[in-house]
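Visitor: Take a look at protein-v4.txt, compact mmCIF, C-alpha atoms:
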```txt
# COMPACT_ATOMS: atom_id res chain seq x y z
CA MET D 13 61.75 95.07 124.42
CA LYS D 14 59.13 96.24 121.91
CA LEU D 15 59.53 99.62 120.27
CA PRO D 16 57.20 102.63 120.56
CA PRO D 17 54.00 102.93 118.51
CA THR D 18 55.84 102.74 115.17
CA ALA D 19 56.32 99.00 115.71
CA SER D 20 53.40 96.59 115.62
CA MET D 21 52.13 95.57 119.06
CA LYS D 22 51.20 92.31 120.70
CA SER D 23 47.53 92.22 121.66
CA ALA D 24 44.68 89.87 122.34
CA SER D 25 43.16 90.60 118.93
CA MET D 26 46.24 89.38 117.05
CA PRO D 27 45.07 85.75 116.54
CA VAL D 28 41.77 87.00 115.10
CA LEU D 29 43.55 89.40 112.75
CA LEU D 30 45.95 86.70 111.58
CA ALA D 31 43.10 84.29 110.98
CA SER D 32 41.22 86.89 108.97
CA LEU D 33 44.26 87.61 106.82
CA MET D 34 44.76 83.91 106.16
CA VAL D 35 41.13 83.48 105.12
CA LEU D 36 41.30 86.47 102.79
CA SER D 37 44.54 85.17 101.26
CA SER D 38 42.94 81.76 100.71
CA LEU D 39 39.85 83.27 99.10
CA ALA D 40 41.93 85.48 96.85
CA GLY D 41 43.81 82.43 95.66
CA CYS D 42 40.57 80.62 94.85
CA ILE D 43 39.00 83.54 93.01
CA PHE D 44 42.03 84.74 91.04
CA ASP D 45 44.12 81.56 90.84
CA ASP D 46 47.24 83.47 91.93
CA SER D 47 49.86 81.04 90.61
CA ASP D 48 52.67 83.46 91.58
CA SER D 49 51.99 83.13 95.29
CA GLY D 50 54.35 80.17 95.45
CA SER D 51 52.14 78.42 98.03
CA ASN D 52 52.59 75.11 96.23
CA GLY D 53 56.39 75.36 96.52
CA GLU D 54 58.81 75.14 99.40
CA VAL D 55 58.27 77.41 102.38
CA LEU D 56 61.55 78.48 103.95
CA ALA D 57 62.18 81.05 106.67
CA VAL D 58 65.33 83.13 106.19
CA PHE D 59 66.14 86.38 107.94
CA ASN D 60 68.97 88.83 108.46
CA TYR D 61 69.42 91.67 110.89
CA SER D 62 71.22 95.01 110.98
CA PRO D 63 73.49 95.93 112.60
CA SER D 64 74.83 92.40 112.43
CA SER D 65 77.49 92.85 115.14
CA ASN D 66 78.57 95.09 118.01
CA ILE D 67 74.99 95.59 119.19
CA ARG D 68 74.57 97.28 122.56
CA THR D 69 71.60 97.43 124.89
CA GLY D 70 69.19 100.06 123.67
CA ASP D 71 70.29 99.80 120.03
CA VAL D 72 67.49 99.45 117.50
CA ILE D 73 67.87 96.24 115.48
CA VAL D 74 66.11 95.87 112.14
CA PHE D 75 65.12 92.28 111.31
CA ASP D 76 64.30 91.44 107.69
CA GLY D 77 62.66 88.25 106.44
CA ALA D 78 62.63 89.26 102.76
CA SER D 79 64.92 86.34 101.81
CA SER D 80 62.26 83.84 102.87
CA THR D 81 60.58 81.84 100.13
CA PRO D 82 58.20 82.17 98.40
CA SER D 83 58.60 85.92 98.04
CA ASN D 84 54.89 86.64 98.55
CA GLY D 85 51.82 85.11 100.13
CA LEU D 86 53.55 84.57 103.50
CA THR D 87 52.79 85.64 107.05
CA TYR D 88 55.75 86.49 109.32
CA ARG D 89 55.84 85.97 113.07
CA TRP D 90 58.78 87.08 115.20
CA ASP D 91 59.72 85.85 118.66
CA PHE D 92 62.55 87.96 120.13
CA ASP D 93 62.68 86.58 123.68
CA ALA D 94 62.41 82.81 123.15
CA ASP D 95 59.18 82.57 125.13
CA GLY D 96 57.19 80.99 122.30
CA SER D 97 54.86 83.97 121.84
CA ILE D 98 54.60 86.41 118.95
CA ASP D 99 56.36 89.73 119.59
CA GLU D 100 56.05 91.25 116.10
CA THR D 101 54.57 90.46 112.69
CA GLY D 102 55.44 91.62 109.22
CA ARG D 103 58.25 91.01 106.77
CA THR D 104 60.45 93.49 108.66
CA ALA D 105 60.44 94.28 112.36
CA GLU D 106 62.41 96.43 114.79
CA TRP D 107 63.44 95.44 118.29
CA GLN D 108 65.78 96.47 121.06
CA TYR D 109 67.04 94.78 124.22
CA ASP D 110 67.55 96.35 127.61
CA THR D 111 69.79 93.58 128.97
CA ALA D 112 73.09 92.20 127.69
CA GLY D 113 73.73 88.59 126.75
CA MET D 114 72.96 86.05 124.06
CA LYS D 115 69.43 86.40 122.72
CA THR D 116 67.64 83.79 120.59
CA VAL D 117 65.47 85.17 117.78
CA GLU D 118 63.00 83.03 115.84
CA LEU D 119 61.17 83.85 112.61
CA THR D 120 58.27 81.64 111.57
CA VAL D 121 56.74 82.04 108.11
CA SER D 122 53.61 80.38 106.76
CA ASP D 123 51.67 80.26 103.50
CA GLY D 124 48.54 79.09 105.29
CA THR D 125 49.31 75.44 104.76
CA LYS D 126 53.00 74.94 105.40
CA SER D 127 55.30 76.79 107.77
CA SER D 128 59.02 77.10 108.41
CA SER D 129 61.15 78.58 111.19
CA GLN D 130 64.69 79.87 111.52
CA THR D 131 66.46 80.80 114.76
CA LYS D 132 69.61 82.85 115.27
CA ASP D 133 71.56 83.87 118.34
CA VAL D 134 72.18 87.59 118.67
CA THR D 135 74.88 88.88 121.03
CA ILE D 136 73.97 92.01 122.98
CA ALA D 137 76.72 93.94 124.80
CA ASP D 138 76.44 96.48 127.60
CA ALA D 139 75.70 100.03 126.53
CA THR D 140 79.20 101.12 127.61
CA ALA D 141 81.07 98.32 125.80
CA GLN D 142 83.75 99.37 123.32
CA PRO D 143 84.58 97.43 120.14
CA PRO D 144 88.12 96.13 119.64
CA ALA D 145 90.40 97.23 116.80
CA ALA D 146 91.75 94.38 114.66
CA GLU D 147 95.09 94.87 112.93
CA ILE D 148 97.34 92.47 111.04
CA ALA D 149 101.05 93.31 111.17
CA GLN D 150 102.44 94.23 107.75
CA TYR D 151 105.95 93.19 106.68
CA ALA D 152 107.99 92.25 103.61
CA ASP D 153 111.30 90.66 102.70
CA ASP D 154 114.15 93.15 102.66
CA GLU D 155 115.22 92.09 99.15
CA ASP D 156 113.95 90.06 96.22
CA CYS D 157 115.90 87.17 94.70
CA SER D 158 118.07 89.59 92.69
CA ASN D 159 119.14 91.41 95.87
CA GLU D 160 117.03 94.41 94.94
CA ASP D 161 115.45 96.29 97.85
CA ILE D 162 111.69 95.81 98.36
CA ASP D 163 109.79 99.00 99.11
CA GLU D 164 106.47 97.88 100.60
CA SER D 165 104.37 99.37 103.41
CA THR D 166 100.86 98.03 102.71
CA HIS D 167 100.97 94.30 101.97
CA ILE D 168 102.92 91.23 103.03
CA VAL D 169 105.38 90.54 100.21
CA LEU D 170 107.64 87.47 100.21
CA TRP D 171 109.98 85.80 97.73
CA ILE D 172 110.81 82.12 97.40
CA CYS D 173 114.39 82.02 96.06
CA GLU D 174 115.81 78.78 94.63
CA MET D 175 118.93 80.09 92.93
CA ASP D 176 120.82 76.80 92.72
CA LYS D 177 118.32 74.42 91.13
CA SER D 178 119.41 71.02 89.89
CA MET D 179 118.79 69.93 86.30
CA THR D 180 117.11 66.84 87.70
CA ASP D 181 114.46 69.13 89.20
CA ARG D 182 113.00 71.32 86.47
CA ASP D 183 109.72 71.83 88.27
CA ILE D 184 108.58 74.78 90.39
CA SER D 185 106.99 73.18 93.44
CA ALA D 186 108.53 75.11 96.33
CA THR D 187 106.32 76.53 99.08
CA THR D 188 106.95 78.82 102.01
CA THR D 189 105.59 79.60 105.48
CA VAL D 190 103.83 82.91 106.05
CA THR D 191 103.73 84.29 109.59
CA LEU D 192 100.54 86.19 110.41
CA ASP D 193 100.65 88.41 113.47
CA ALA D 194 97.67 90.11 115.15
CA THR D 195 99.53 91.56 118.15
CA PRO D 196 98.95 95.18 117.02
CA SER D 197 95.21 94.63 117.65
CA GLU D 198 93.61 96.47 120.58
CA ALA D 199 90.94 95.14 122.96
CA GLY D 200 88.73 98.26 123.16
CA ASP D 201 89.39 99.76 126.59
CA SER D 202 91.47 98.96 129.66
CA SER D 203 88.74 96.81 131.22
CA GLN D 204 88.43 94.54 128.17
CA TYR D 205 90.64 91.93 126.58
CA ILE D 206 90.66 89.96 123.32
CA THR D 207 89.30 86.45 123.72
CA GLU D 208 89.48 85.17 120.12
CA TRP D 209 91.71 85.70 117.09
CA ASN D 210 90.26 83.84 114.11
CA TRP D 211 91.84 83.75 110.64
CA ASP D 212 89.92 83.19 107.39
CA MET D 213 92.36 82.23 104.62
CA ASP D 214 89.76 82.31 101.81
CA PRO D 215 87.21 85.10 102.40
CA GLU D 216 85.54 84.40 99.04
CA THR D 217 84.26 80.99 100.18
CA ASP D 218 81.67 80.46 102.92
CA LYS D 219 82.99 77.17 104.24
CA ASP D 220 80.79 77.06 107.33
CA ASN D 221 77.64 77.98 105.34
CA ASP D 222 76.54 80.67 107.79
CA GLY D 223 75.93 83.29 105.09
CA ASP D 224 79.15 85.18 105.82
CA ALA D 225 82.10 84.20 103.63
CA GLU D 226 84.57 86.31 105.62
CA ASN D 227 84.25 84.79 109.10
CA ASP D 228 85.32 81.15 108.62
CA VAL D 229 87.83 79.87 111.14
CA ASP D 230 90.79 78.27 109.37
CA PHE D 231 93.28 79.10 112.13
CA SER D 232 93.01 80.54 115.63
CA GLY D 233 95.59 82.40 117.66
CA GLU D 234 97.19 85.79 118.05
CA THR D 235 100.14 84.70 115.88
CA ILE D 236 100.06 81.79 113.45
CA ASP D 237 102.35 80.17 110.89
CA TRP D 238 100.58 79.43 107.62
CA SER D 239 102.63 76.69 105.96
CA ASN D 240 102.91 75.17 102.48
CA VAL D 241 101.96 78.42 100.74
CA GLU D 242 102.53 78.31 96.97
CA PRO D 243 103.52 81.32 94.88
CA GLY D 244 100.40 83.41 94.45
CA GLU D 245 98.31 86.32 95.67
CA TYR D 246 96.08 85.83 98.71
CA GLU D 247 93.70 87.88 100.83
CA ILE D 248 93.54 87.02 104.53
CA ASN D 249 90.85 88.08 107.02
CA LEU D 250 91.33 88.43 110.77
CA ASN D 251 88.24 88.45 113.03
CA ILE D 252 88.66 89.22 116.72
CA LEU D 253 86.26 89.10 119.68
CA ASN D 254 86.75 90.92 122.97
CA SER D 255 85.52 90.13 126.48
CA ALA D 256 82.50 92.41 126.02
CA GLY D 257 81.28 90.37 123.05
CA MET D 258 82.25 93.05 120.52
CA THR D 259 84.03 92.23 117.28
CA ASP D 260 86.22 93.78 114.61
CA SER D 261 87.99 92.57 111.50
CA ASP D 262 91.00 93.41 109.35
CA SER D 263 92.31 92.06 106.06
CA ILE D 264 95.63 92.04 104.27
CA LYS D 265 96.99 90.91 100.92
CA VAL D 266 99.80 88.37 100.88
CA PHE D 267 101.98 88.15 97.78
CA VAL D 268 104.34 85.19 97.39
CA ASN D 269 106.71 85.59 94.43
CA TYR D 270 109.19 83.08 93.07
CA ALA D 271 112.58 82.93 91.38
CA GLY D 272 114.46 79.76 90.41
CA GLN D 273 117.81 79.53 88.62
CA TRP D 274 119.54 76.66 86.79
CA SER D 275 123.22 77.25 85.98
CA ASP D 276 126.03 75.76 83.86
CA PHE D 277 124.32 73.03 81.89
CA GLU D 278 124.50 71.84 78.28
CA MET D 279 121.88 71.62 75.54
CA GLY D 280 122.30 68.73 73.10
CA GLY D 281 122.58 69.36 69.34
CA ASN D 282 119.96 69.09 66.63
CA ASN D 283 120.26 65.55 65.28
CA SER D 284 118.28 64.34 62.25
CA ASN D 285 116.40 67.65 62.09
CA ASN D 286 115.06 67.21 65.59
CA ALA D 287 115.60 70.24 67.79
CA GLN D 288 116.83 69.43 71.28
CA THR D 289 114.55 70.71 74.06
CA LEU D 290 114.43 71.02 77.83
CA ASP D 291 111.12 71.62 79.62
CA PHE D 292 110.72 73.62 82.84
CA ASP D 293 107.33 73.22 84.52
CA MET D 294 105.49 75.88 86.53
CA THR D 295 101.99 76.48 87.86
CA VAL D 296 100.43 79.89 87.28
CA PHE D 297 97.36 81.22 89.12
CA TYR D 298 94.95 83.71 87.61
CA ASP D 299 91.59 83.73 89.38
CA LYS D 300 90.11 87.21 89.19
CA ASP D 301 87.16 86.31 91.43
CA LYS D 302 89.53 85.41 94.25
CA GLY D 303 91.98 88.18 93.43
CA ASN D 304 94.79 85.68 92.86
CA THR D 305 96.21 87.20 89.69
CA ILE D 306 99.78 86.94 88.49
CA ARG D 307 101.37 90.11 87.08
CA LYS D 308 103.88 88.36 84.83
CA ALA D 309 105.99 85.23 84.38
CA VAL D 310 109.48 85.73 82.94
CA GLY D 311 112.04 83.31 81.53
CA GLU D 312 115.61 84.70 81.41
CA LEU D 313 118.16 82.79 79.31
CA THR D 314 121.90 83.57 79.19
CA TYR D 315 124.37 81.59 77.09
CA PRO D 316 127.80 82.15 75.42
CA GLN D 317 127.66 83.42 71.86
CA GLN D 318 130.16 80.70 70.92
CA ASP D 319 130.66 77.44 72.74
CA ASP D 320 134.28 76.78 73.79
CA ASP D 321 134.43 73.22 72.44
CA CYS D 322 132.53 73.90 69.23
CA THR D 323 134.27 72.83 66.00
CA SER D 324 133.15 73.64 62.46
CA LEU D 325 134.43 73.55 58.91
CA PRO D 326 136.34 76.62 57.67
CA GLY D 327 133.92 79.41 56.76
CA SER D 328 131.04 77.79 58.62
CA SER D 329 128.98 79.72 61.18
CA ASN D 330 127.85 76.63 63.07
CA CYS D 331 129.61 77.79 66.22
CA ARG D 332 127.48 80.95 66.56
CA ALA D 333 125.06 79.83 69.24
CA LYS D 334 121.34 80.48 69.16
CA LEU D 335 119.01 79.19 71.85
CA ASP D 336 115.37 80.14 72.29
CA ILE D 337 112.58 80.06 74.84
CA TYR D 338 109.10 78.77 73.97
CA ALA D 339 106.01 78.95 76.22
CA PHE D 340 103.17 76.42 76.24
CA ASN D 341 99.98 76.33 78.30
CA GLU D 342 98.53 73.22 79.91
CA GLU D 343 96.68 72.38 76.68
CA ASP D 344 100.11 72.28 74.99
CA GLU D 345 99.25 75.36 72.94
CA GLU D 346 102.23 77.48 72.00
CA ALA D 347 101.67 80.98 73.37
CA THR D 348 104.85 82.75 72.25
CA ASN D 349 108.58 82.31 71.70
CA THR D 350 111.81 84.25 71.13
CA SER D 351 112.85 82.71 67.81
CA GLU D 352 112.28 85.91 65.82
CA LYS D 353 114.66 87.94 67.97
CA GLY D 354 117.79 88.64 65.92
CA LEU D 355 121.29 87.71 67.08
CA ASP D 356 122.20 91.39 67.41
CA GLN D 357 119.15 92.02 69.65
CA ARG D 358 119.88 89.46 72.35
CA THR D 359 121.02 91.88 75.03
CA ASP D 360 118.16 91.72 77.55
CA GLY D 361 118.83 92.57 81.17
CA ASP D 362 122.31 92.94 82.61
CA CYS D 363 124.10 91.22 79.74
CA ASP D 364 127.80 90.84 78.89
CA GLU D 365 127.11 91.75 75.27
CA GLU D 366 130.65 90.94 74.05
CA ASN D 367 130.54 87.32 75.11
CA ASN D 368 126.95 86.33 75.85
CA ASP D 369 123.48 86.37 74.39
CA CYS D 370 120.71 87.25 76.86
CA VAL D 371 117.11 86.68 75.84
CA HIS D 372 114.01 87.11 78.02
CA LEU D 373 110.48 85.90 77.38
CA THR D 374 107.78 87.73 79.36
CA LEU D 375 104.26 86.37 79.72
CA SER D 376 101.94 89.18 80.80
CA SER D 377 98.95 88.67 83.06
CA TYR D 378 96.65 89.05 80.06
CA MET D 379 97.92 85.78 78.59
CA PHE D 380 96.61 83.85 81.62
CA THR D 381 93.04 85.12 81.48
CA ASP D 382 90.39 82.60 80.51
CA THR D 383 89.06 83.97 77.23
CA GLU D 384 88.95 82.67 73.67
CA SER D 385 91.90 84.83 72.62
CA THR D 386 94.19 83.94 75.54
CA TYR D 387 95.61 80.81 77.10
CA GLY D 388 94.34 80.47 80.67
CA ASP D 389 96.27 79.70 83.83
CA GLY D 390 97.28 76.37 85.31
CA ASP D 391 100.29 74.22 84.38
CA TRP D 392 102.63 75.99 81.97
CA VAL D 393 105.98 75.09 80.41
CA PHE D 394 108.98 77.22 79.54
CA GLN D 395 110.88 75.20 76.94
CA LEU D 396 114.49 75.81 75.90
CA ARG D 397 115.17 74.83 72.31
CA ASN D 398 118.43 74.26 70.39
CA GLU D 399 118.02 74.17 66.61
CA MET D 400 121.80 74.13 66.02
CA VAL D 401 123.75 70.99 65.19
CA ASN D 402 126.34 71.48 67.93
CA ASP D 403 125.91 71.01 71.63
CA LEU D 404 125.62 74.41 73.28
CA GLN D 405 126.46 75.54 76.78
CA VAL D 406 124.00 77.49 78.95
CA GLU D 407 125.25 79.91 81.56
CA SER D 408 121.91 80.28 83.34
CA PHE D 409 118.16 80.02 82.98
CA VAL D 410 115.94 81.85 85.48
CA ILE D 411 112.18 81.70 85.94
CA ARG D 412 110.46 84.49 87.88
CA LEU D 413 106.81 84.56 88.89
CA HIS D 414 105.74 88.08 89.85
CA TYR D 415 102.51 88.37 91.83
CA ARG D 416 103.48 91.78 93.20
```
Can I see the file as structure tokens?

Guide:
Amino acid sequence: MKLPPTASMKSASMPVLLASLMVLSSLAGCIFDDSDSGSNGEVLAVFNYSPSSNIRTGDVIVFDGASSTPSNGLTYRWDFDADGSIDETGRTAEWQYDTAGMKTVELTVSDGTKSSSQTKDVTIADATAQPPAAEIAQYADDEDCSNEDIDESTHIVLWICEMDKSMTDRDISATTTVTLDATPSEAGDSSQYITEWNWDMDPETDKDNDGDAENDVDFSGETIDWSNVEPGEYEINLNILNSAGMTDSDSIKVFVNYAGQWSDFEMGGNNSNNAQTLDFDMTVFYDKDKGNTIRKAVGELTYPQQDDDCTSLPGSSNCRAKLDIYAFNEEDEEATNTSEKGLDQRTDGDCDEENNDCVHLTLSSYMFTDTESTYGDGDWVFQLRNEMVNDLQVESFVIRLHYR
């Protein structure tokens, strides 16, 4: 339905007016050589409309063809009822519908020589229709991998705990399954019901190329299990549709943290001035654009100050153990290490200071940013290093990846 006098009107004189405008545009181009008109380039019709959802009968819809190319020198013709005739002209137009249903809108643009059209389907609901209310259920693990309570009421926070890792597996590759539940969502009113629950697992990427990065359908269903989720930070979108054709969306952050522990193993001694090393591999994510940013990665090493089976010459201090943690990025650049920490300072964490040394190496989020002065994310290594001649026992080594 066309709008009152403020909107342009269909009339018998329209073809004449359009023809006159096209002639004037052509003459202007000849006289002034308007190379900025873009008429020699591609002509492409592109339009958007607002509101873009939950439109009821009688609502005024603003259609905008400003994204069409070229940016000037075009004529715009709108067909709002799919009858092949022109309902409005101009770069922007307003329209409203007095009946509910799916309406097909077509914009045709022309530079006088070439033309292009785009069509979109617009859903119109009854005037009394109510939008639904999307809601994703929030939850968190009761405890982290150190049996500390988790206090969380906003996000989904989970821990992957591998506290009995084998020395034949010094790689962090564990994943988990995240349950996503939309049952708290409401349909709108008692006469309506939800017909679709669609989940977008990466709202930064427009996978279906429809111009909206937040409405892709990666999973469907009121409750889903998202499997093979690596440690990281994720944002999830839920889009629901009710029986009246109205929509709503909700989003939630999902944080998957990790802790892995290796216990009771031995580090070989330094032979021929070659320090003995053990590498522990991990993947770290820091993508600020996607919001997947690690807070910190921590290596926690605990070992006896003196190995039980160590022997040394009288007066020698060879049996005083000293092990260190080194960190390398995927370019094999050394980022930091604990070698400068004195023997009397190795009391990090909950340490039995009389018998053990405890040394932690913390990599802050800043170290994983992609700048010239930092080291970037990706595949990292925590390396344990023994510079001493004797074999040395390790009580435990723990790696924690904190995304929340």

Visitor: CA of Val117 (chain D) and CA of Asp262 (chain D) are how many Å apart?

Guide: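 Rounded to one decimal, the two atoms are 28.1 Å apart.
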
Visitor: For region 373-375 of chain D, please output as a PDB file with C-alpha atoms, in the coordinates of the input all residues within 12 Å (counting only C-alpha atoms; exclusion window: fewer than 6 positions along the same chain).

Guide:
```
ATOM      1  CA  VAL D 296     100.430  79.890  87.280  1.00  0.00           C
ATOM      2  CA  ILE D 306      99.780  86.940  88.490  1.00  0.00           C
ATOM      3  CA  ARG D 307     101.370  90.110  87.080  1.00  0.00           C
ATOM      4  CA  LYS D 308     103.880  88.360  84.830  1.00  0.00           C
ATOM      5  CA  ALA D 309     105.990  85.230  84.380  1.00  0.00           C
ATOM      6  CA  VAL D 310     109.480  85.730  82.940  1.00  0.00           C
ATOM      7  CA  GLY D 311     112.040  83.310  81.530  1.00  0.00           C
ATOM      8  CA  GLU D 312     115.610  84.700  81.410  1.00  0.00           C
ATOM      9  CA  LEU D 313     118.160  82.790  79.310  1.00  0.00           C
ATOM     10  CA  THR D 314     121.900  83.570  79.190  1.00  0.00           C
ATOM     11  CA  ASP D 336     115.370  80.140  72.290  1.00  0.00           C
ATOM     12  CA  ILE D 337     112.580  80.060  74.840  1.00  0.00           C
ATOM     13  CA  TYR D 338     109.100  78.770  73.970  1.00  0.00           C
ATOM     14  CA  ALA D 339     106.010  78.950  76.220  1.00  0.00           C
ATOM     15  CA  PHE D 340     103.170  76.420  76.240  1.00  0.00           C
ATOM     16  CA  ASN D 341      99.980  76.330  78.300  1.00  0.00           C
ATOM     17  CA  GLU D 346     102.230  77.480  72.000  1.00  0.00           C
ATOM     18  CA  ALA D 347     101.670  80.980  73.370  1.00  0.00           C
ATOM     19  CA  THR D 348     104.850  82.750  72.250  1.00  0.00           C
ATOM     20  CA  ASN D 349     108.580  82.310  71.700  1.00  0.00           C
ATOM     21  CA  THR D 350     111.810  84.250  71.130  1.00  0.00           C
ATOM     22  CA  SER D 351     112.850  82.710  67.810  1.00  0.00           C
ATOM     23  CA  GLU D 352     112.280  85.910  65.820  1.00  0.00           C
ATOM     24  CA  LYS D 353     114.660  87.940  67.970  1.00  0.00           C
ATOM     25  CA  ARG D 358     119.880  89.460  72.350  1.00  0.00           C
ATOM     26  CA  ASP D 360     118.160  91.720  77.550  1.00  0.00           C
ATOM     27  CA  GLY D 361     118.830  92.570  81.170  1.00  0.00           C
ATOM     28  CA  THR D 381      93.040  85.120  81.480  1.00  0.00           C
ATOM     29  CA  THR D 386      94.190  83.940  75.540  1.00  0.00           C
ATOM     30  CA  TYR D 387      95.610  80.810  77.100  1.00  0.00           C
ATOM     31  CA  GLY D 388      94.340  80.470  80.670  1.00  0.00           C
ATOM     32  CA  ASP D 389      96.270  79.700  83.830  1.00  0.00           C
ATOM     33  CA  TRP D 392     102.630  75.990  81.970  1.00  0.00           C
ATOM     34  CA  VAL D 393     105.980  75.090  80.410  1.00  0.00           C
ATOM     35  CA  PHE D 394     108.980  77.220  79.540  1.00  0.00           C
ATOM     36  CA  GLN D 395     110.880  75.200  76.940  1.00  0.00           C
ATOM     37  CA  LEU D 396     114.490  75.810  75.900  1.00  0.00           C
ATOM     38  CA  PHE D 409     118.160  80.020  82.980  1.00  0.00           C
ATOM     39  CA  VAL D 410     115.940  81.850  85.480  1.00  0.00           C
ATOM     40  CA  ILE D 411     112.180  81.700  85.940  1.00  0.00           C
ATOM     41  CA  ARG D 412     110.460  84.490  87.880  1.00  0.00           C
ATOM     42  CA  LEU D 413     106.810  84.560  88.890  1.00  0.00           C
ATOM     43  CA  HIS D 414     105.740  88.080  89.850  1.00  0.00           C
TER      44      HIS D 414
END
```

Visitor: Quote the spacing between CA of Leu56 (chain D) and CA of Ser97 (chain D) in Å to one decimal place.

Guide: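 Rounded to one decimal, the two atoms are 19.9 Å apart.
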
Visitor: Could you give me, as a list of chain:residue names, the residues that sit within 6 Å of (98.5, 94.5, 112.6) in the file's coordinates, counting all atoms listed in the file?

Guide: D:Glu147, D:Ile148, D:Ala149, D:Ala194, D:Pro196

Visitor: Using CA of Glu118 (chain D) and CA of Tyr88 (chain D) as the two end points, give the distance in Å to one decimal.

Guide: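 It comes out at 10.3 Å.
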
Visitor: Counting all atoms listed in the file, figure out which residue out of D:Asn254, D:Ser79, D:Ser158, D:Asn240 gets nearest to Asp362 (chain D).

Guide: D:Ser158

Visitor: Would you mind listing what lies within 8 Å of Ile168 (chain D) as a ChimeraX atom specification, with all atoms listed in the file counted and same-chain residues fewer than 3 positions away left out?

Guide: /D:150-152,164,264-267

Visitor: Any idea what's packed within 10 Å of Ala146 (chain D), counting all atoms listed in the file, ignoring anything in its chain fewer than 4 positions away? Could you give it as a list in words?

Guide: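 Neighbouring residues, sequence-local ones excluded: Ala194, Thr195, Pro196, Ser197, Glu198, Ala199, Gly200, Ile206, Trp209, Asn249, Leu250, Asn251, Ile252, Leu253, Thr259, Asp260, Ser261, Asp262 and Ser263 of chain D.
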
Visitor: Given the choices D:Asp163, D:Asp123, D:Glu208, D:Glu216, which gets closest to Thr87 (chain D) if the distance is worked out from all atoms listed in the file?

Guide: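 Ranking D:Asp163, D:Asp123, D:Glu208, D:Glu216 by distance to Thr87 (chain D), first place goes to D:Asp123.
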
Visitor: For Thr207 (chain D), which residue among D:Pro63, D:Gly77, D:Gly85, D:Gly257 is the nearest when counting only C-alpha atoms?

Guide: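 So, comparing all the options, the nearest one is D:Gly257.
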
Visitor: With a distance cut-off of 10 Å and all atoms listed in the file, select the neighbouring residues of Pro316 (chain D), excluding the residue or stretch itself and same-chain residues fewer than 2 positions from it, and output the selection as a ChimeraX atom specification.

Guide: /D:314,318-320,332-335,364-370,404-407

Visitor: Restricting the calculation to all atoms listed in the file, which member of D:Leu86, D:Val134, D:Ala287, D:Ile236 is positioned closest to Asn60 (chain D)?

Guide: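 Of the candidates, the smallest distance to Asn60 (chain D) is held by D:Val134.
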
Visitor: Take the structure in the block and write a file for region 216-251 of chain D, C-alpha atoms, as a PDB file, in the first residue's frame.

Guide:
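What ended up in out23.pdb:
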```
ATOM      1  CA  GLU D 216      31.492 -12.742  13.010  1.00  0.00           C
ATOM      2  CA  THR D 217      31.343 -14.671   9.718  1.00  0.00           C
ATOM      3  CA  ASP D 218      28.509 -14.417   7.204  1.00  0.00           C
ATOM      4  CA  LYS D 219      28.646 -17.977   5.924  1.00  0.00           C
ATOM      5  CA  ASP D 220      25.408 -17.820   3.942  1.00  0.00           C
ATOM      6  CA  ASN D 221      26.341 -14.455   2.343  1.00  0.00           C
ATOM      7  CA  ASP D 222      22.973 -12.857   3.066  1.00  0.00           C
ATOM      8  CA  GLY D 223      24.471  -9.684   4.554  1.00  0.00           C
ATOM      9  CA  ASP D 224      23.770 -10.714   8.152  1.00  0.00           C
ATOM     10  CA  ALA D 225      26.678 -12.424   9.915  1.00  0.00           C
ATOM     11  CA  GLU D 226      24.599 -13.311  12.979  1.00  0.00           C
ATOM     12  CA  ASN D 227      21.841 -15.446  11.448  1.00  0.00           C
ATOM     13  CA  ASP D 228      23.703 -18.402   9.913  1.00  0.00           C
ATOM     14  CA  VAL D 229      22.280 -21.808  10.739  1.00  0.00           C
ATOM     15  CA  ASP D 230      25.009 -24.097  12.060  1.00  0.00           C
ATOM     16  CA  PHE D 231      22.662 -26.146  14.240  1.00  0.00           C
ATOM     17  CA  SER D 232      18.896 -26.318  14.682  1.00  0.00           C
ATOM     18  CA  GLY D 233      16.885 -27.456  17.671  1.00  0.00           C
ATOM     19  CA  GLU D 234      15.683 -26.321  21.056  1.00  0.00           C
ATOM     20  CA  THR D 235      18.608 -28.110  22.739  1.00  0.00           C
ATOM     21  CA  ILE D 236      21.819 -29.111  20.981  1.00  0.00           C
ATOM     22  CA  ASP D 237      25.154 -30.703  21.856  1.00  0.00           C
ATOM     23  CA  TRP D 238      28.092 -28.852  20.325  1.00  0.00           C
ATOM     24  CA  SER D 239      30.926 -31.380  20.201  1.00  0.00           C
ATOM     25  CA  ASN D 240      34.700 -31.276  19.713  1.00  0.00           C
ATOM     26  CA  VAL D 241      35.038 -27.825  21.281  1.00  0.00           C
ATOM     27  CA  GLU D 242      38.663 -26.839  21.950  1.00  0.00           C
ATOM     28  CA  PRO D 243      39.768 -24.645  24.849  1.00  0.00           C
ATOM     29  CA  GLY D 244      38.869 -21.093  23.913  1.00  0.00           C
ATOM     30  CA  GLU D 245      36.373 -18.259  24.138  1.00  0.00           C
ATOM     31  CA  TYR D 246      33.312 -18.327  21.891  1.00  0.00           C
ATOM     32  CA  GLU D 247      30.216 -16.227  21.270  1.00  0.00           C
ATOM     33  CA  ILE D 248      27.060 -18.092  20.271  1.00  0.00           C
ATOM     34  CA  ASN D 249      23.894 -16.607  18.734  1.00  0.00           C
ATOM     35  CA  LEU D 250      20.412 -18.083  19.009  1.00  0.00           C
ATOM     36  CA  ASN D 251      17.740 -16.966  16.503  1.00  0.00           C
TER      37      ASN D 251
END
```
